[in-house]
Amino acid sequence: MIEEHLHQSLLDNISTALLVVEANLTVSFINSAAEAALQVSKHRVKGLNISELFSEQGTTAENLQNVIESNSPFTKRETAFGLKNGATITVDYAATPFQYLSSGETSLILEIHTIDRQLRISREERLISSQQTTNALVKGLAHEIKNPLGGLRGAAQLLARELPNQDLQEYTNIIIEEADRLRNLVDRMLGPHQLSKPVPLNIHEVLEHVASLIQAETQGEISITRDYDPSIPEFTADRAQLIQAILNIVRNALQANQNNLAAVAIGFKSRTQRQFTIGNSLHRLVCRVDISDNGPGIARELQSTVFFPMVSGRPEGTGLGLSISQSIINQHQGLIEFVSEPGDTMFTLFIPLDL
């Protein structure tokens with residue numbers, strides 16, 4: 001019994017997704033890892049054409065047919081497979097021809113390696129690293145700016161006392177006010193320095209508080225939908241800063257479509273995810289909050305720098321809101337990611353629950 005099923009057992013217990021594809025591009029074998037990767041059942045896919053399992057942007061069938069005809073292996077990196085259930089996965093795959101000893105017919109071994117997790121971890125590490133570098137740069141600039149601003153403000157106050165004419169104080173007042181404005185701008189760029197009041201909280205209470213604030217600010221013009229997971233446990237966080245982080249994201253969406261607020265739809269969704277990696281740290285359980293909107297989206301040329309200070313797609317924008325939000329969530333050992341295209345933008349907050 002062991003001898004008879006040894007090969008099947010070995011193939012089902014390796015982590016690489018394997019398929020055997022015949023010369024007519026129908027599937028004759030699929031192992032357990034391939035079932036999980038392609039989200040199909042082996043009992044239903046045998047005999048199906050490979051195109052019925054997934055679709056790829058390009059000519060997968062033509063590539064595989066060339067492998068069979070040329071008897072040469074083929075490899076493709078970082079390609080997107082659209083699965084039949086609507087999901088999309090990013091994979092590396094290799095097709096290797098082999099011949100059956102009995103018939104001499106050529107078939108293919110198709111090896112599929114899903115790399116979504118590796119790409120996401122790499123992207124998050126770059127994001128965290130760039131955020132840390134930016135924060136260090138801003139703190140250095142803030143120190144150099146705030147010191148002379150203090151001297152400038154003090155000198156203007158002394159000068160105001162010595163002026164013979166009260167009318168001339170208008171000019172010293174301008175100096176003082178502008179110095180204060182620059183100091184406040186630098187403080188906002190620095191963002192929160194630490195979690196000042198961490199308390200046990202429920203993420204849905206925070207989201208509902210933000211929703212009530214936004215409804216009040218827009219006089220109920222916008223639509224807000226909720227999709228909450230009530231099983232998410234309480235966790236310790238700074239309530240005020242968490243509200244600020246989420247509020248900044250929602251306000252960003254509103255400002256991008258401020259001329260037609262009645263058409264704006266904001267969505268709040270909460271879920272938990274297990275064994276989730278943030279940067280290089282694996283967390284047993286994280287809270288995931290999706291904040292979506294149907295606005296114009298973030299310009300593609302800004303997407304790689306949207307969390308940097310002073311980066312804004314609006315002429316009147318300061319470019320500080322998203323930077324501050326990322327800084328706040330980083331201090332909670334979490335991270336903010338986003339995907340954006342016209343009509344569909346989603347910011348996702350990941351906050352560890354196992355700290």
# chains A, B, ... in the order shown; residues from 1 in each chain; ligands from 1
$ residues_around --residues "Asn259 in chain A" --least-positions-apart "4" --cutoff "12 Å" --atoms "only C-alpha atoms" --output "PyMOL selection string"
chain A and resi 218+221+253-255+263-264+295-296
$ residues_around --residues "Thr172 in chain A" --least-positions-apart "5" --cutoff "10 Å" --atoms "only C-alpha atoms" --output "ChimeraX atom specification"
/A:153,155-161,163,177-178
$ write_last_selection --atoms "N, CA and C atoms" --output "PDB file, in the first residue's frame"
ATOM      1  N   ARG A 153      11.377  85.187  16.594  1.00  0.00           N
ATOM      2  CA  ARG A 153      10.157  85.619  17.281  1.00  0.00           C
ATOM      3  C   ARG A 153      10.494  86.501  18.486  1.00  0.00           C
ATOM      4  N   ALA A 155      13.203  88.319  18.949  1.00  0.00           N
ATOM      5  CA  ALA A 155      13.722  89.611  18.501  1.00  0.00           C
ATOM      6  C   ALA A 155      12.585  90.522  18.050  1.00  0.00           C
ATOM      7  N   ALA A 156      11.572  89.929  17.391  1.00  0.00           N
ATOM      8  CA  ALA A 156      10.433  90.733  16.950  1.00  0.00           C
ATOM      9  C   ALA A 156       9.647  91.277  18.143  1.00  0.00           C
ATOM     10  N   GLN A 157       9.524  90.480  19.201  1.00  0.00           N
ATOM     11  CA  GLN A 157       8.822  90.947  20.400  1.00  0.00           C
ATOM     12  C   GLN A 157       9.580  92.101  21.077  1.00  0.00           C
ATOM     13  N   LEU A 158      10.926  91.971  21.150  1.00  0.00           N
ATOM     14  CA  LEU A 158      11.737  93.040  21.748  1.00  0.00           C
ATOM     15  C   LEU A 158      11.662  94.313  20.909  1.00  0.00           C
ATOM     16  N   LEU A 159      11.698  94.121  19.598  1.00  0.00           N
ATOM     17  CA  LEU A 159      11.627  95.270  18.703  1.00  0.00           C
ATOM     18  C   LEU A 159      10.288  96.005  18.853  1.00  0.00           C
ATOM     19  N   ALA A 160       9.207  95.246  19.044  1.00  0.00           N
ATOM     20  CA  ALA A 160       7.877  95.843  19.176  1.00  0.00           C
ATOM     21  C   ALA A 160       7.800  96.767  20.389  1.00  0.00           C
ATOM     22  N   ARG A 161       8.514  96.391  21.455  1.00  0.00           N
ATOM     23  CA  ARG A 161       8.487  97.218  22.663  1.00  0.00           C
ATOM     24  C   ARG A 161       9.220  98.548  22.475  1.00  0.00           C
ATOM     25  N   LEU A 163       9.452 100.238  19.580  1.00  0.00           N
ATOM     26  CA  LEU A 163       8.956 101.072  18.476  1.00  0.00           C
ATOM     27  C   LEU A 163       8.275 102.333  19.016  1.00  0.00           C
ATOM     28  N   GLU A 177       3.535  86.275  13.929  1.00  0.00           N
ATOM     29  CA  GLU A 177       2.506  85.344  13.460  1.00  0.00           C
ATOM     30  C   GLU A 177       3.071  84.341  12.456  1.00  0.00           C
ATOM     31  N   GLU A 178       3.917  84.791  11.558  1.00  0.00           N
ATOM     32  CA  GLU A 178       4.506  83.891  10.572  1.00  0.00           C
ATOM     33  C   GLU A 178       5.482  82.913  11.218  1.00  0.00           C
TER      34      GLU A 178
END
$ closest_residue --among "A:Leu242, A:Ile89, A:Ala211, A:Ile176" --to "Arg226 in chain A" --atoms "only C-alpha atoms"
A:Ala211
$ atom_distance --atom1 "CA of Pro352 in chain A" --atom2 "CA of Ser231 in chain A"
15.0 Å
